[in-house]
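Text of entry-v3.cif (mmCIF, C-alpha atoms) as supplied:
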data_model
loop_
_atom_site.label_atom_id
_atom_site.label_comp_id
_atom_site.auth_asym_id
_atom_site.auth_seq_id
_atom_site.Cartn_x
_atom_site.Cartn_y
_atom_site.Cartn_z
CA MET A 1 66.53 107.55 62.91
CA GLU A 2 65.60 105.41 59.97
CA LYS A 3 67.39 102.43 58.49
CA LEU A 4 66.05 101.52 55.06
CA LEU A 5 66.90 99.19 52.17
CA TYR A 6 66.13 100.02 48.55
CA PRO A 7 66.65 97.86 45.50
CA ALA A 8 68.99 99.31 42.90
CA VAL A 9 69.41 98.07 39.34
CA PHE A 10 73.04 97.88 38.21
CA HIS A 11 73.57 98.21 34.49
CA PRO A 12 77.03 97.03 33.33
CA GLU A 13 78.23 99.42 30.63
CA GLU A 14 79.90 98.15 27.44
CA VAL A 15 82.87 100.48 27.95
CA GLY A 16 83.26 99.45 31.60
CA GLY A 17 81.73 100.57 34.82
CA TYR A 18 78.12 100.56 35.93
CA SER A 19 75.19 102.89 35.89
CA VAL A 20 72.76 102.50 38.79
CA THR A 21 69.07 103.34 39.00
CA PHE A 22 66.53 103.06 41.81
CA PRO A 23 63.15 101.93 40.42
CA ASP A 24 61.27 103.38 43.41
CA LEU A 25 63.01 106.78 43.39
CA LEU A 26 62.36 108.81 40.27
CA GLY A 27 65.53 110.50 39.07
CA CYS A 28 67.84 108.80 41.59
CA VAL A 29 70.62 107.72 39.23
CA THR A 30 74.37 107.38 39.59
CA GLU A 31 77.36 105.51 38.18
CA GLY A 32 80.77 104.14 39.04
CA ASP A 33 83.84 102.95 37.16
CA THR A 34 84.09 99.79 39.29
CA MET A 35 81.58 97.71 41.22
CA GLN A 36 82.91 99.09 44.52
CA GLU A 37 82.65 102.68 43.29
CA ALA A 38 79.16 102.07 41.88
CA ILE A 39 77.99 100.72 45.27
CA GLU A 40 79.53 103.68 47.13
CA MET A 41 77.98 106.15 44.69
CA ALA A 42 74.61 104.37 45.02
CA GLU A 43 74.79 104.69 48.82
CA ASP A 44 75.54 108.42 48.48
CA ALA A 45 72.80 108.97 45.89
CA LEU A 46 70.27 107.14 48.06
CA GLY A 47 71.30 109.17 51.11
CA ILE A 48 71.01 112.49 49.31
CA TYR A 49 67.66 111.55 47.81
CA LEU A 50 66.03 110.29 51.03
CA TYR A 51 67.45 113.06 53.20
CA THR A 52 66.18 115.67 50.72
CA LEU A 53 62.71 114.13 50.83
CA LYS A 54 62.74 114.33 54.62
CA GLU A 55 64.00 117.92 54.65
CA ASN A 56 61.23 118.89 52.19
CA LYS A 57 58.66 116.99 54.31
CA GLU A 58 57.81 114.78 51.33
CA GLU A 59 56.65 111.19 51.60
CA VAL A 60 59.33 108.53 51.31
CA PRO A 61 58.22 105.90 48.77
CA ALA A 62 57.98 102.31 49.90
CA ALA A 63 60.74 100.05 48.64
CA SER A 64 59.83 97.40 46.09
CA ASN A 65 60.45 93.73 46.64
CA PRO A 66 63.67 93.02 44.72
CA ALA A 67 62.15 89.78 43.40
CA ASP A 68 59.49 91.82 41.60
CA ILE A 69 62.00 93.91 39.63
CA LYS A 70 62.54 92.68 36.09
CA THR A 71 65.96 93.16 34.54
CA GLU A 72 67.35 92.69 31.05
CA GLY A 73 70.62 91.37 29.71
CA ARG A 74 73.44 91.58 32.24
CA ASP A 75 71.57 93.95 34.57
CA PHE A 76 71.09 92.83 38.16
CA VAL A 77 69.38 94.01 41.34
CA SER A 78 71.17 94.64 44.63
CA LEU A 79 69.91 96.14 47.88
CA ILE A 80 71.44 99.45 48.98
CA SER A 81 71.13 100.50 52.61
CA TYR A 82 70.44 103.89 54.11
CA ASP A 83 71.17 104.51 57.77
CA GLU A 84 70.05 108.06 58.49
CA LEU A 85 72.22 108.47 61.58
CA GLU A 86 75.37 107.25 59.82
CA TYR A 87 74.56 109.43 56.80
CA LEU A 88 74.21 112.52 59.00
CA LYS A 89 77.42 111.74 60.89
CA ARG A 90 79.27 111.47 57.58
CA THR A 91 77.76 114.49 55.83
CA ASP A 92 76.58 116.98 58.46
CA SER A 93 79.20 117.14 61.20
CA HIS A 94 79.90 120.88 61.14
CA ALA A 95 79.89 122.54 64.55
CA ILE A 96 77.11 124.88 65.63
CA LYS A 97 77.07 127.19 68.60
CA LYS A 98 74.53 126.63 71.37
CA THR A 99 73.78 128.90 74.31
CA LEU A 100 73.09 127.16 77.59
CA THR A 101 72.34 128.10 81.16
CA ILE A 102 73.73 126.39 84.26
CA PRO A 103 73.91 127.42 87.92
CA ALA A 104 76.92 129.60 88.81
CA TRP A 105 78.27 127.08 91.34
CA MET A 106 78.26 124.38 88.63
CA ASP A 107 80.14 126.68 86.25
CA THR A 108 82.75 127.38 88.93
CA LEU A 109 83.32 123.70 89.67
CA ALA A 110 83.41 122.79 86.00
CA LYS A 111 86.05 125.44 85.27
CA GLU A 112 88.11 124.38 88.31
CA ASN A 113 88.10 120.84 86.92
CA ASN A 114 88.90 121.94 83.37
CA LEU A 115 85.74 120.44 81.94
CA ASN A 116 85.15 120.94 78.23
CA PHE A 117 81.53 122.14 78.11
CA SER A 118 81.06 121.14 74.47
CA GLN A 119 82.30 117.62 75.11
CA VAL A 120 80.16 117.24 78.24
CA LEU A 121 77.06 118.38 76.35
CA GLN A 122 77.78 116.05 73.42
CA ASN A 123 78.28 113.11 75.78
CA ALA A 124 75.04 113.91 77.61
CA ILE A 125 73.08 114.15 74.35
CA ARG A 126 74.54 110.85 73.13
CA LYS A 127 73.53 109.20 76.40
CA GLU A 128 70.03 110.75 76.37
CA LEU A 129 69.44 109.59 72.79
CA ASN A 130 71.02 106.15 73.35
CA LEU A 131 73.69 106.86 70.74
CA ALA A 132 76.69 105.87 72.88
#
Rewrite the structure from the file as structure tokens, please.
Amino acid sequence: MEKLLYPAVFHPEEVGGYSVTFPDLLGCVTEGDTMQEAIEMAEDALGIYLYTLKENKEEVPAASNPADIKTEGRDFVSLISYDELEYLKRTDSHAIKKTLTIPAWMDTLAKENNLNFSQVLQNAIRKELNLA
């Protein structure tokens, strides 16, 4: 899973709040009434944008060096992070049904010990993928 940083340009608005643009990501724009909200909205916008590119099998643009981005007036550049695994955990946690096959003796023992098959499978997948 990818962890990326992209520079975002924060534009303080005269009436309050901030609009946020990503120079490397055409059309990736958001806003927030406070700095905290603008950062949270920028993280969401970046996640949606990059995840959509991946789902559509499109190339993810390289991130610019923040030092190379020119700003005007009170605008400023800040790095926004994207952690694909954390994004998916936050936005795509709905349950899906899986069919599996195990030996009958294992099923018998598991039922006798009140094992939760879904939980056992999730734990095994976490372990296998080093997510624990």
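With only C-alpha atoms as the atoms that count, the residue of A:Arg90, A:Ile102, A:Ile80, A:Glu58 with the shortest distance to Met41 (chain A) is A:Ile80.
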Quiz item: So which one's closest to Tyr18 (chain A), A:Asp44, A:Asp107, A:Glu59, A:Asp75? Using all atoms listed in the file, please.
Solution: A:Asp75
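Atom pair CA of Lys89 (chain A) / CA of Asn56 (chain A) has a distance of 19.7 Å (rounded to one decimal).
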Quiz item: Using only C-alpha atoms, which residues sit within 12 Å of Leu131 (chain A) once same-chain residues fewer than 4 positions away are excluded, as a ChimeraX atom specification?
Solution: /A:1,85-86,89,122-127
Exercise. Excluding Val15 (chain A) and residues on its chain fewer than 3 positions from it, collect all residues at most 12 Å away from it, counting all atoms listed in the file, and give them as a ChimeraX atom specification.
Key: /A:11-12,18-19,32-34
Practice problem: Figure out the distance between CA of Glu84 (chain A) and CA of Glu37 (chain A), please, to one decimal in Å. | Solution: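 Interatomic distance, CA of Glu37 (chain A) to CA of Glu84 (chain A): 20.5 Å.
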Where's the centre, and what are the edge lengths in Å to one decimal, of a box along x, y and z enclosing all listed atoms of region 43-50 of chain A padded 4 Å per side, as lines of an AutoDock Vina configuration file?
center_x = 70.8
center_y = 108.6
center_z = 48.5
size_x = 17.5
size_y = 15.8
size_z = 13.2
Practice problem: Name the closest residue to Pro66 (chain A) among the candidates A:Ala110, A:Val120, A:Leu5, A:Ala42; distances are taken between atoms, counting only C-alpha atoms. | Solution: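 Looking at the shortest contact to Pro66 (chain A), the residue is A:Leu5.
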Quiz item: Mind pulling up the distance from CA of His94 (chain A) to CA of Thr52 (chain A)?
Solution: 18.0 Å
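Distances to Leu50 (chain A) were evaluated for A:Thr108, A:Ser81, A:Asn130, A:Asn114 using all atoms listed in the file, and the minimum falls at A:Ser81.
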Quiz item: Pick the closest to Ala63 (chain A) from A:Ala8, A:Gly17, A:Pro103, A:Ala95: which is it, counting all atoms listed in the file?
Solution: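 Nearest to Ala63 (chain A): A:Ala8.
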Self-check item: Selection dump of the PyMOL selection byres ((chain A and resi 4) around 7), as a VMD selection string
Solution: chain A and resid 2 to 3 5 to 6 81 to 83
Quiz item: Closest to Lys97 (chain A) among A:Thr30, A:Gln36, A:Ser118, A:Asn65, using only C-alpha atoms?
Solution: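 Answer, going by the shortest atom-to-atom distance: A:Ser118.
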Quiz item: How would you write, as a list in words, the residues chosen by the PyMOL selection byres ((chain A and resi 28) around 10) on this structure?
Solution: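 What the PyMOL selection byres ((chain A and resi 28) around 10) grabs from the file is Ala8, Val20, Thr21, Phe22, Pro23, Asp24, Leu25, Leu26, Gly27, Val29, Thr30, Ala42, Ala45, Leu46, Ile48, Tyr49 and Leu50 of chain A.
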Please produce a file of the residues just selected, as a tab-separated table (two decimals), keeping the file's coordinate frame, where the atoms kept are C-alpha atoms.
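The result, written out as part.tsv:
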chain	number	residue	atom	x	y	z
A	8	ALA	CA	68.99	99.31	42.90
A	20	VAL	CA	72.76	102.50	38.79
A	21	THR	CA	69.07	103.34	39.00
A	22	PHE	CA	66.53	103.06	41.81
A	23	PRO	CA	63.15	101.93	40.42
A	24	ASP	CA	61.27	103.38	43.41
A	25	LEU	CA	63.01	106.78	43.39
A	26	LEU	CA	62.36	108.81	40.27
A	27	GLY	CA	65.53	110.50	39.07
A	29	VAL	CA	70.62	107.72	39.23
A	30	THR	CA	74.37	107.38	39.59
A	42	ALA	CA	74.61	104.37	45.02
A	45	ALA	CA	72.80	108.97	45.89
A	46	LEU	CA	70.27	107.14	48.06
A	48	ILE	CA	71.01	112.49	49.31
A	49	TYR	CA	67.66	111.55	47.81
A	50	LEU	CA	66.03	110.29	51.03
Can region 30-54 of chain A be brought up to N, CA and C atoms and written out as an mmCIF file, in the coordinates of the input?
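Result written to part_31.cif:
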data_model
loop_
_atom_site.group_PDB
_atom_site.id
_atom_site.type_symbol
_atom_site.label_atom_id
_atom_site.label_comp_id
_atom_site.auth_asym_id
_atom_site.auth_seq_id
_atom_site.Cartn_x
_atom_site.Cartn_y
_atom_site.Cartn_z
ATOM 1 N N THR A 30 72.949 107.114 39.394
ATOM 2 C CA THR A 30 74.370 107.380 39.590
ATOM 3 C C THR A 30 75.175 106.393 38.764
ATOM 4 N N GLU A 31 76.497 106.430 38.917
ATOM 5 C CA GLU A 31 77.360 105.510 38.180
ATOM 6 C C GLU A 31 78.686 105.366 38.887
ATOM 7 N N GLY A 32 79.438 104.353 38.486
ATOM 8 C CA GLY A 32 80.770 104.140 39.040
ATOM 9 C C GLY A 32 81.624 103.375 38.049
ATOM 10 N N ASP A 33 82.918 103.617 38.082
ATOM 11 C CA ASP A 33 83.840 102.950 37.160
ATOM 12 C C ASP A 33 84.092 101.496 37.531
ATOM 13 N N THR A 34 83.924 101.157 38.808
ATOM 14 C CA THR A 34 84.090 99.790 39.290
ATOM 15 C C THR A 34 82.848 99.414 40.093
ATOM 16 N N MET A 35 82.720 98.145 40.406
ATOM 17 C CA MET A 35 81.580 97.710 41.220
ATOM 18 C C MET A 35 81.610 98.402 42.582
ATOM 19 N N GLN A 36 82.785 98.446 43.216
ATOM 20 C CA GLN A 36 82.910 99.090 44.520
ATOM 21 C C GLN A 36 82.500 100.554 44.449
ATOM 22 N N GLU A 37 82.992 101.259 43.445
ATOM 23 C CA GLU A 37 82.650 102.680 43.290
ATOM 24 C C GLU A 37 81.166 102.851 43.005
ATOM 25 N N ALA A 38 80.592 101.969 42.197
ATOM 26 C CA ALA A 38 79.160 102.070 41.880
ATOM 27 C C ALA A 38 78.318 101.873 43.144
ATOM 28 N N ILE A 39 78.722 100.942 44.004
ATOM 29 C CA ILE A 39 77.990 100.720 45.270
ATOM 30 C C ILE A 39 78.116 101.952 46.169
ATOM 31 N N GLU A 40 79.325 102.490 46.294
ATOM 32 C CA GLU A 40 79.530 103.680 47.130
ATOM 33 C C GLU A 40 78.736 104.865 46.599
ATOM 34 N N MET A 41 78.734 105.048 45.290
ATOM 35 C CA MET A 41 77.980 106.150 44.690
ATOM 36 C C MET A 41 76.477 105.928 44.875
ATOM 37 N N ALA A 42 76.032 104.677 44.803
ATOM 38 C CA ALA A 42 74.610 104.370 45.020
ATOM 39 C C ALA A 42 74.211 104.693 46.461
ATOM 40 N N GLU A 43 75.075 104.365 47.415
ATOM 41 C CA GLU A 43 74.790 104.690 48.820
ATOM 42 C C GLU A 43 74.685 106.204 49.003
ATOM 43 N N ASP A 44 75.596 106.958 48.386
ATOM 44 C CA ASP A 44 75.540 108.420 48.480
ATOM 45 C C ASP A 44 74.295 108.973 47.816
ATOM 46 N N ALA A 45 73.984 108.488 46.611
ATOM 47 C CA ALA A 45 72.800 108.970 45.890
ATOM 48 C C ALA A 45 71.532 108.693 46.682
ATOM 49 N N LEU A 46 71.446 107.495 47.254
ATOM 50 C CA LEU A 46 70.270 107.140 48.060
ATOM 51 C C LEU A 46 70.171 108.044 49.279
ATOM 52 N N GLY A 47 71.294 108.293 49.951
ATOM 53 C CA GLY A 47 71.300 109.170 51.110
ATOM 54 C C GLY A 47 70.834 110.573 50.785
ATOM 55 N N ILE A 48 71.389 111.130 49.731
ATOM 56 C CA ILE A 48 71.010 112.490 49.310
ATOM 57 C C ILE A 48 69.524 112.541 48.985
ATOM 58 N N TYR A 49 69.054 111.568 48.252
ATOM 59 C CA TYR A 49 67.660 111.550 47.810
ATOM 60 C C TYR A 49 66.707 111.463 49.013
ATOM 61 N N LEU A 50 66.950 110.480 49.895
ATOM 62 C CA LEU A 50 66.030 110.290 51.030
ATOM 63 C C LEU A 50 66.118 111.424 52.033
ATOM 64 N N TYR A 51 67.313 111.942 52.269
ATOM 65 C CA TYR A 51 67.450 113.060 53.200
ATOM 66 C C TYR A 51 66.752 114.306 52.652
ATOM 67 N N THR A 52 66.850 114.521 51.350
ATOM 68 C CA THR A 52 66.180 115.670 50.720
ATOM 69 C C THR A 52 64.672 115.536 50.850
ATOM 70 N N LEU A 53 64.156 114.332 50.641
ATOM 71 C CA LEU A 53 62.710 114.130 50.830
ATOM 72 C C LEU A 53 62.297 114.500 52.245
ATOM 73 N N LYS A 54 63.068 114.043 53.222
ATOM 74 C CA LYS A 54 62.740 114.330 54.620
ATOM 75 C C LYS A 54 62.800 115.823 54.902
#
